[in-house]
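Below: one structure, written as structure tokens.
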Amino acid sequence: MLGVGIQQFASRVVRPSHSSSNLKSNLVANPRRSAVRFGERHVGPLHYLFLRTMASTSSTTDTSTSRLGFDFRTVESKTRKFWDAEGIYQRAKAKADPKKKFFFVDGPPYTSGKVHLGTAWNKTLKDVISRVKRMQGYDVWDRPGYDMHGLPTEKATEKELGITTREEILQLGTEKFIEHCRALCIRNMNDMTEVFKAMGVWMQWDDPYISIDRDYMEGEWWLIKKVHDAGRLYEGEKTMTWDSVNGTALAKHELYYSTVVDKAIYVRFKLLSTDPAWENTSVVIWTTTPWTIPFNLAVMVNPDINYCQVELDLGTGTKERVLVAEALLKDFVENKLKLEAESYKVLRTMSGASLKGLHYKHPFDDVTNKYKELKASMPSVHTVLLNSDFVTTEVGTGIVHVAPGCGPEDYVVGQQNGIRPFNAVNVSGVYEGFEPFNGLLARMDDPKFIELIKKHGSLVHQHDYEHDYPFGERSKEPVIYRTTKQWFFRVEDMKPKLLEEHEKIKWVPEAAGNSFRSWLENLRDNSISKQRFWGTPVPIWRNVDDPSDYVVIGSVKELADLAKLPALPEDIHIPTVDKISFTKVSAKDGKEHVYKRVPDVLDVWVDAGTASFNTLRYPARVGEDVLKQWFPMSFILEGKDQIRGWFNLLHVLSVVVFGQRSFNAAYMHGFINDSMGRKMSKSLGNYILPAEVTEKYGADVMRLYMTSGAAPALDLNYNFKDLDGKMKNTKVFWNLHKWVFDTADAAEVEPMPLDQLVKSPAFGLEEKYVFARLNSTIAQMTQYVSEGDYRLNEFPIPVESFLLDVLSHTYLQLTWEKASSGSDEEKAVTVSVVYHSLVQAMTLLAPVMPFFSEEVYRNLRGAFDGLGVKFYPEESVHLRAWPTVDTALLNPQLEKDMDAAKDAITAVLGGRDKIGVGVKWPLQEVRVNVTLPGYLPSLQRCEQLILQRTGVKKLNFEPLKVDVEVRPNSKVIGKQFGSKTQAVLAYIQNNASTLADLVEKGPNEKHTFSPDASKPSETLSLTAEHLIVKRNAPENYVESSGQFLQVFLNTVRTPELDQEGYLREVTRRVQMLRKKLSLKRKDKVNLTVAVDPVAAKLVHVAGTSGKEFLDERAGVNVLRIVSSKSGFGDVPADFTATEKVKQFTVDI
């Protein structure tokens, strides 16, 4: 037998041809290596082969990219030009059935910056589902959107202009500022569009919906008017979270929470009472917002909680009295003040209800007259109020500081008790008009407020306190609270209807729906107004003489009619509409008044929330008939931050205006982090732009990676090693289609029509398996994008598995001999199977890898002198219909059988590796022990396939008894069983044979026993992990394990086995040399082989069977045997080469 492995060829080429030097240099520069293994025994000394061609060599020239290595740059450039030149996108849309609507709305990205990886991921997933639905014949609404208004754009514009404040914008001029905002948005939109196009995203890029368009803004005005007509628009004064950086109120959905450490303080307010029992007594409150103490207007206690009047020394050297909740007394006195138990005295205990109406003096009462003014109109100011909703004993003193102008709960309590909110902080968070605090900053100057409180003798204690605090989503800074007038949608009373419609939505994942339900259950009235510049103007014109009298405008035409404008304004941003006023008779007093627009703009989320109908151009350009054809949306897809954002606004606005949900299904993805799970940021140096990925891997590989990169709602940790894996897989896909051309060219065959292929006598088990898996792949992928599923992250996995595992790893290996040395019919069948499978696979892969699939499809379609066009008339893979399942080719049992067969094949080949015998050297027998019920029939049905692939003469399914030695795995047992370890060890030693049977049954089997015979109900369980197993196969057998079986290779060699193995090796070498010479199948050769007489006799190479074998597989016309190299004499040769294989040398 030949030695193990193949060494590099030492090629010397002697060919009297003008191309010989080029051929030689090519062979030397590109030596071929192989991982095929051979046996270990030696046959003879030197063996020489001389090969002479019987016909001239030639090959057809193929200038397509199919013969080249995969170059994504060439593929992408070529494909984009083809799409544009042939109008493929437009033709794909034109194929739609107008009755099958798929209403998809693109959640609009902001145009304040560049496309980042998260946006690229989002657009990829959207493009995948849109492409599938198009191929399924749906009329897909795929108009892209861009969100342009709002703070992100304002801040980006300010940065470009070198300004930072509201005052600087006013100095520049609102009109100029807005024009700069518009120009930035348009410029960024164009840049973003080019990025998306380069990614292969197909949308109506020549007609996007943009929120700065007049028609779109008019759609928002229509919405406001509808809400107003429904009695759900109101102006209210509320205490709201406020972004002092950007000078605007923030709605709940514009906040995020982060853990902070603040200074919490205990402050005493001295009671004012003529009752001697309250003499020298203070109520003590606890707060984490020292800056709000000047705005304190009351304190509240829980009427159902007991409170203690305590006498102690607070560091003044004299005894005084404080009032705190009984449940918090010990924490306050001993844990916070660090006083000993004997150093304070509880004078009395009373209910909270008994404290109602007590008056107290504010710490700053002596430095301002403001409190006296407030008390004059509001008698409850600076009194003790009762409240059981907001007063607990979880932390603090059980007495809560109330500042109605600085918190939503405080505001509610104030309203209940006739106390109006008081807050003197301006839009920038600065105290003004309230001496002596003017110029101080809310929250940022907390240390200064603490010092003031201390200076006035009211600070009891301060300490660090960790808690969650709201931050502005845009500014990323802590918010403050401020009383402000805003416009609101009244929606809290609609929760039942909102929740009812929510239950009709398909959420992926289901947890997203649970989160959305929770959000709706806690929904508050939405504020819709902002005090900014770049936004849709609030369409409300107010009577200048009566602020309560206003008109809501629902369209540009309505405004033009009221203002008697000569023409409709082309733009309706602030600089235009703020110049428009009108005079009309008021419905309130019957007199004429002037009406001017309120100065606010709409929250940018209203822009996005109206996309569901605005994208249809309703109501500006189309009527209700178009709306009814499409609405509600079939499917939307956004990140997990949109539960409180876009998902929320779409749903709420739709239910308010249309009385129904706005979307039927929603897919929620996560965020993109770096490979370590960290958020990407420029400061960390881990920020990656899409171009950095596509320049290295191409758009298709990025899309493939992103689509299946993370499960719904989970973050994608971007890892370039994973991208390397996807690139490697892509090259395998590419090489599969190269294989079709190379094999067909070498064998001079063409693909058969499908109907002829499946009837061919050479269409065997492995071919049936390929088509069965192909059709189950189609079924799986179709299910993943169905309305009841939408498992987009799993969508590409089946076709990837089909191409890698089925076609490349299984079918080409199973049919290698059939494809290289089988009959013409067999070769045509293998080429046809791969050809047609690839066309279908590229169709399935097209939504994910649009460039790659197009190139491969066009190469396959354009080959074989027009035959491909006849098979597949569609000019583009994207013009093909989505594949449907051919039930006649489905075969679930065959798939199971083949899984079992592959398990056996893998195990046998693993055993060959152990003994160093390559697959070309046949084995006499393999014994198979099966551990999974039902596995044996599958193996028996695939027996011939297993024999063929493994080079085995016989499979024996009669179980082979193996000597199994079982010892306890002490390390695992000790950790799991603890004090019972010794009993377990003893049991294993005494029951080794029983446990050996357990191991034979499989790794998941359990053995239950009672370690104490006196307590049979107390049992323990053992599995294979608790055992160390040594298996001893019988003599002349080597064991190798599969997933559900063990195989035992018979290692005994016979002369007949070696004869066949050597003959196969000679054949393989001749085939390799033919390939180097680019010989076609019709090109016959004369072969001269030099071997010593012993070797010749052993391998029977000079016999008739050897000649026929070589002729059938290697096109050998004449076979001549000589005893040594000198015996070649003057044998004419067109090609000679010396090949060293371990200690053997073969000359050809």
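Lettering and numbering for the structure tokens are positional, with chains as A, B, ... in the shown order, residues counted from 1 in each chain, and ligands counted from 1 in the shown order.
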
Backbone-only DSSP, helix (DSSP H, G or I) members of range 246-386 of chain A, as an NGL selection string: :A and (252-254 or 276-278 or 290-295 or 326-336 or 341-343 or 352-355 or 370-377)

Could you turn the residues from that selection into a file that holds N, CA and C atoms, as a short mmCIF file (atom, residue, chain, number, x, y, z; two decimals), in the first residue's frame?
data_model
loop_
_atom_site.label_atom_id
_atom_site.label_comp_id
_atom_site.auth_asym_id
_atom_site.auth_seq_id
_atom_site.Cartn_x
_atom_site.Cartn_y
_atom_site.Cartn_z
N LYS A 252 -43.14 61.59 28.40
CA LYS A 252 -42.64 60.37 29.07
C LYS A 252 -41.80 59.52 28.14
N HIS A 253 -42.19 59.46 26.88
CA HIS A 253 -41.47 58.60 25.94
C HIS A 253 -40.13 59.18 25.51
N GLU A 254 -39.83 60.42 25.95
CA GLU A 254 -38.57 61.04 25.58
C GLU A 254 -37.54 60.96 26.71
N PRO A 276 -49.42 74.01 73.40
CA PRO A 276 -48.14 73.76 74.07
C PRO A 276 -47.53 72.41 73.71
N ALA A 277 -48.38 71.46 73.33
CA ALA A 277 -47.86 70.12 72.99
C ALA A 277 -46.94 70.17 71.77
N TRP A 278 -47.12 71.19 70.94
CA TRP A 278 -46.29 71.30 69.72
C TRP A 278 -45.17 72.33 69.87
N PRO A 290 -32.58 68.98 46.58
CA PRO A 290 -32.46 70.19 47.43
C PRO A 290 -32.89 71.47 46.73
N TRP A 291 -32.72 71.53 45.39
CA TRP A 291 -33.06 72.76 44.67
C TRP A 291 -34.54 73.07 44.70
N THR A 292 -35.38 72.10 45.07
CA THR A 292 -36.83 72.34 45.09
C THR A 292 -37.33 72.87 46.44
N ILE A 293 -36.49 72.93 47.45
CA ILE A 293 -36.94 73.38 48.77
C ILE A 293 -37.51 74.80 48.73
N PRO A 294 -36.92 75.75 47.97
CA PRO A 294 -37.55 77.08 47.91
C PRO A 294 -38.98 77.06 47.37
N PHE A 295 -39.35 76.01 46.62
CA PHE A 295 -40.69 75.92 46.04
C PHE A 295 -41.62 75.07 46.90
N GLU A 326 -43.30 56.47 62.91
CA GLU A 326 -42.83 55.50 63.90
C GLU A 326 -42.00 54.40 63.23
N ALA A 327 -42.39 53.96 62.05
CA ALA A 327 -41.69 52.86 61.36
C ALA A 327 -40.29 53.25 60.91
N LEU A 328 -40.05 54.56 60.79
CA LEU A 328 -38.74 55.02 60.30
C LEU A 328 -37.91 55.70 61.39
N LEU A 329 -38.41 55.68 62.61
CA LEU A 329 -37.73 56.37 63.70
C LEU A 329 -36.32 55.83 63.94
N LYS A 330 -36.18 54.53 64.05
CA LYS A 330 -34.87 53.95 64.34
C LYS A 330 -33.89 54.24 63.21
N ASP A 331 -34.33 54.11 61.96
CA ASP A 331 -33.44 54.38 60.84
C ASP A 331 -32.99 55.84 60.86
N PHE A 332 -33.92 56.75 61.16
CA PHE A 332 -33.58 58.18 61.16
C PHE A 332 -32.64 58.54 62.31
N VAL A 333 -32.98 58.09 63.49
CA VAL A 333 -32.22 58.52 64.67
C VAL A 333 -30.92 57.75 64.83
N GLU A 334 -30.98 56.44 64.72
CA GLU A 334 -29.80 55.64 65.01
C GLU A 334 -28.91 55.41 63.79
N ASN A 335 -29.52 55.15 62.62
CA ASN A 335 -28.70 54.87 61.42
C ASN A 335 -28.20 56.14 60.74
N LYS A 336 -29.06 57.15 60.66
CA LYS A 336 -28.66 58.37 59.97
C LYS A 336 -27.98 59.36 60.92
N ALA A 341 -29.60 54.84 71.56
CA ALA A 341 -31.01 54.68 71.88
C ALA A 341 -31.42 55.49 73.11
N GLU A 342 -30.50 55.60 74.10
CA GLU A 342 -30.84 56.33 75.33
C GLU A 342 -30.75 57.84 75.17
N SER A 343 -30.28 58.32 74.02
CA SER A 343 -30.10 59.76 73.84
C SER A 343 -31.32 60.44 73.24
N GLY A 352 -51.45 59.74 61.69
CA GLY A 352 -51.21 60.79 60.70
C GLY A 352 -52.43 61.66 60.51
N ALA A 353 -53.60 61.06 60.61
CA ALA A 353 -54.83 61.83 60.39
C ALA A 353 -54.95 62.99 61.37
N SER A 354 -54.40 62.82 62.55
CA SER A 354 -54.52 63.86 63.58
C SER A 354 -53.64 65.07 63.30
N LEU A 355 -52.74 64.95 62.31
CA LEU A 355 -51.80 66.04 62.02
C LEU A 355 -52.33 67.01 60.97
N LYS A 370 -42.58 86.17 49.07
CA LYS A 370 -43.35 85.37 48.11
C LYS A 370 -44.32 84.43 48.82
N TYR A 371 -43.87 83.85 49.93
CA TYR A 371 -44.73 82.88 50.62
C TYR A 371 -45.97 83.55 51.21
N LYS A 372 -45.79 84.80 51.69
CA LYS A 372 -46.93 85.53 52.24
C LYS A 372 -47.96 85.77 51.13
N GLU A 373 -47.47 86.11 49.92
CA GLU A 373 -48.38 86.35 48.79
C GLU A 373 -49.14 85.07 48.44
N LEU A 374 -48.43 83.96 48.44
CA LEU A 374 -49.07 82.68 48.10
C LEU A 374 -50.09 82.28 49.15
N LYS A 375 -49.77 82.49 50.44
CA LYS A 375 -50.69 82.12 51.51
C LYS A 375 -51.97 82.97 51.45
N ALA A 376 -51.83 84.18 51.00
CA ALA A 376 -53.00 85.06 50.95
C ALA A 376 -54.08 84.53 50.03
N SER A 377 -53.67 83.89 48.97
CA SER A 377 -54.66 83.37 48.01
C SER A 377 -54.89 81.86 48.14
#

Identify, on the basis of only C-alpha atoms, every residue whose closest approach to Leu440 in chain A does not exceed 9 Å; exclude the query and any residue fewer than 3 positions from it along the same chain; express the result as a ChimeraX atom specification. /A:291,429-432,437,444-445,448-449

What is the distance between CA of Pro144 in chain A and CA of Phe613 in chain A, in Å to one decimal?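 Distance between the two atoms: 13.5 Å.
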
Need to verify the contact set: Asp410 in chain A, 9 Å, only C-alpha atoms, exclusion of same-chain residues closer than 4 positions in sequence. Can you return it as an MDAnalysis selection string? chainID A and resid 239 390 401:406 414:415 421

Take the residues from that selection and write them out as a PDB file, in the first residue's frame, keeping C-alpha atoms.
ATOM      1  CA  THR A 239     -45.514  70.084  36.064  1.00  0.00           C
ATOM      2  CA  PHE A 390     -47.710  59.001  47.797  1.00  0.00           C
ATOM      3  CA  HIS A 401     -42.032  67.535  50.919  1.00  0.00           C
ATOM      4  CA  VAL A 402     -44.640  68.905  48.466  1.00  0.00           C
ATOM      5  CA  ALA A 403     -43.621  71.322  45.680  1.00  0.00           C
ATOM      6  CA  PRO A 404     -46.519  71.351  43.168  1.00  0.00           C
ATOM      7  CA  GLY A 405     -44.357  73.182  40.623  1.00  0.00           C
ATOM      8  CA  CYS A 406     -41.592  70.562  40.736  1.00  0.00           C
ATOM      9  CA  GLY A 414     -51.600  70.517  45.131  1.00  0.00           C
ATOM     10  CA  GLN A 415     -54.610  70.413  42.823  1.00  0.00           C
ATOM     11  CA  PRO A 421     -47.937  75.221  41.284  1.00  0.00           C
TER      12      PRO A 421
END

Can you pull out every residue within 12 Å of Gly788 in chain A, counting only C-alpha atoms, but drop anything in the same chain fewer than 5 positions away, and send it as a count of residues only? 15

Could you check the closest approach to Gln989 in chain A for each of A:Asp389, A:Tyr595, A:Arg214, A:Leu1027 and tell me which residue wins, using only C-alpha atoms?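 For Gln989 in chain A, the nearest of the given residues is A:Leu1027.
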
Using only C-alpha atoms, can you tell me which of A:Ala900, A:Ile163, A:Met189, A:Ala1024 comes closest to Pro968 in chain A?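 Looking only at the distances to Pro968 in chain A, the closest residue turns out to be A:Ala1024.
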
Set the distance at 7 Å and use only C-alpha atoms: which residues neighbour range 120-132 of chain A once local chain neighbours fewer than 2 positions away are removed? I'd like the list as JSON, numbers by chain. {"A": [115, 116, 117, 118, 134, 135, 136, 140, 201, 202, 637, 638, 690, 703, 706, 707, 847, 848]}

For the residues selected in the previous step, produce a file with N, CA, C and O atoms as a PDB file, in the first residue's frame.
ATOM      1  N   VAL A 115     -25.353  57.382   8.455  1.00  0.00           N
ATOM      2  CA  VAL A 115     -25.865  56.031   8.678  1.00  0.00           C
ATOM      3  C   VAL A 115     -24.898  55.276   9.581  1.00  0.00           C
ATOM      4  O   VAL A 115     -23.703  55.210   9.307  1.00  0.00           O
ATOM      5  N   HIS A 116     -25.401  54.733  10.669  1.00  0.00           N
ATOM      6  CA  HIS A 116     -24.553  53.912  11.537  1.00  0.00           C
ATOM      7  C   HIS A 116     -24.956  52.447  11.380  1.00  0.00           C
ATOM      8  O   HIS A 116     -25.923  52.118  10.680  1.00  0.00           O
ATOM      9  N   LEU A 117     -24.232  51.562  12.029  1.00  0.00           N
ATOM     10  CA  LEU A 117     -24.468  50.129  11.838  1.00  0.00           C
ATOM     11  C   LEU A 117     -25.869  49.709  12.262  1.00  0.00           C
ATOM     12  O   LEU A 117     -26.466  48.815  11.664  1.00  0.00           O
ATOM     13  N   GLY A 118     -26.396  50.359  13.309  1.00  0.00           N
ATOM     14  CA  GLY A 118     -27.749  50.025  13.737  1.00  0.00           C
ATOM     15  C   GLY A 118     -28.770  50.321  12.667  1.00  0.00           C
ATOM     16  O   GLY A 118     -29.699  49.535  12.432  1.00  0.00           O
ATOM     17  N   ARG A 134     -42.445  40.844  -2.229  1.00  0.00           N
ATOM     18  CA  ARG A 134     -42.516  41.170  -3.652  1.00  0.00           C
ATOM     19  C   ARG A 134     -42.481  39.898  -4.482  1.00  0.00           C
ATOM     20  O   ARG A 134     -43.242  39.728  -5.439  1.00  0.00           O
ATOM     21  N   MET A 135     -41.544  38.992  -4.127  1.00  0.00           N
ATOM     22  CA  MET A 135     -41.412  37.742  -4.882  1.00  0.00           C
ATOM     23  C   MET A 135     -42.637  36.851  -4.704  1.00  0.00           C
ATOM     24  O   MET A 135     -42.932  35.999  -5.556  1.00  0.00           O
ATOM     25  N   GLN A 136     -43.363  37.050  -3.602  1.00  0.00           N
ATOM     26  CA  GLN A 136     -44.590  36.282  -3.377  1.00  0.00           C
ATOM     27  C   GLN A 136     -45.795  36.908  -4.065  1.00  0.00           C
ATOM     28  O   GLN A 136     -46.914  36.425  -3.902  1.00  0.00           O
ATOM     29  N   VAL A 140     -46.211  45.609  -2.650  1.00  0.00           N
ATOM     30  CA  VAL A 140     -45.531  46.067  -1.435  1.00  0.00           C
ATOM     31  C   VAL A 140     -45.416  47.585  -1.440  1.00  0.00           C
ATOM     32  O   VAL A 140     -44.880  48.182  -2.378  1.00  0.00           O
ATOM     33  N   VAL A 201     -30.498  47.907  -0.803  1.00  0.00           N
ATOM     34  CA  VAL A 201     -31.864  48.098  -0.316  1.00  0.00           C
ATOM     35  C   VAL A 201     -32.726  48.668  -1.432  1.00  0.00           C
ATOM     36  O   VAL A 201     -32.390  49.688  -2.033  1.00  0.00           O
ATOM     37  N   TRP A 202     -33.838  47.994  -1.694  1.00  0.00           N
ATOM     38  CA  TRP A 202     -34.766  48.416  -2.738  1.00  0.00           C
ATOM     39  C   TRP A 202     -35.957  49.130  -2.115  1.00  0.00           C
ATOM     40  O   TRP A 202     -36.765  48.523  -1.403  1.00  0.00           O
ATOM     41  N   LEU A 637     -41.114  47.343  11.582  1.00  0.00           N
ATOM     42  CA  LEU A 637     -39.908  46.772  12.181  1.00  0.00           C
ATOM     43  C   LEU A 637     -39.017  47.905  12.688  1.00  0.00           C
ATOM     44  O   LEU A 637     -38.617  48.765  11.913  1.00  0.00           O
ATOM     45  N   GLU A 638     -38.716  47.886  13.995  1.00  0.00           N
ATOM     46  CA  GLU A 638     -37.823  48.899  14.565  1.00  0.00           C
ATOM     47  C   GLU A 638     -37.111  48.325  15.790  1.00  0.00           C
ATOM     48  O   GLU A 638     -37.345  47.190  16.191  1.00  0.00           O
ATOM     49  N   PRO A 690     -20.869  51.609   8.501  1.00  0.00           N
ATOM     50  CA  PRO A 690     -21.147  50.522   7.549  1.00  0.00           C
ATOM     51  C   PRO A 690     -20.100  50.399   6.446  1.00  0.00           C
ATOM     52  O   PRO A 690     -19.762  49.289   6.019  1.00  0.00           O
ATOM     53  N   ARG A 703     -24.980  41.851   5.073  1.00  0.00           N
ATOM     54  CA  ARG A 703     -26.417  41.591   5.174  1.00  0.00           C
ATOM     55  C   ARG A 703     -26.681  40.191   5.716  1.00  0.00           C
ATOM     56  O   ARG A 703     -27.552  39.991   6.569  1.00  0.00           O
ATOM     57  N   MET A 706     -25.873  40.218   9.420  1.00  0.00           N
ATOM     58  CA  MET A 706     -26.816  40.991  10.215  1.00  0.00           C
ATOM     59  C   MET A 706     -28.184  40.319  10.316  1.00  0.00           C
ATOM     60  O   MET A 706     -28.831  40.372  11.363  1.00  0.00           O
ATOM     61  N   THR A 707     -28.635  39.716   9.247  1.00  0.00           N
ATOM     62  CA  THR A 707     -29.979  39.144   9.251  1.00  0.00           C
ATOM     63  C   THR A 707     -30.128  38.072  10.317  1.00  0.00           C
ATOM     64  O   THR A 707     -31.121  38.023  11.037  1.00  0.00           O
ATOM     65  N   PRO A 847     -33.343  37.633  -1.239  1.00  0.00           N
ATOM     66  CA  PRO A 847     -33.713  38.735  -0.338  1.00  0.00           C
ATOM     67  C   PRO A 847     -32.603  39.128   0.627  1.00  0.00           C
ATOM     68  O   PRO A 847     -32.541  40.280   1.053  1.00  0.00           O
ATOM     69  N   VAL A 848     -31.731  38.183   0.961  1.00  0.00           N
ATOM     70  CA  VAL A 848     -30.671  38.452   1.932  1.00  0.00           C
ATOM     71  C   VAL A 848     -29.396  38.917   1.241  1.00  0.00           C
ATOM     72  O   VAL A 848     -28.737  39.858   1.687  1.00  0.00           O
TER      73      VAL A 848
END

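If only C-alpha atoms are the atoms counted, then among A:Leu172, A:Gly670, A:Gly219, A:Thr397 the closest residue to Val622 in chain A is A:Gly219.
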
Could you jot down the CA of Thr884 in chain A to CA of Val770 in chain A separation for me, Å, one decimal place? 15.9 Å

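Among the candidate residues A:Ser1014, A:Ser786, A:Asn543, A:Thr830, the one lying nearest to Phe741 in chain A is A:Thr830, with distances computed using only C-alpha atoms.
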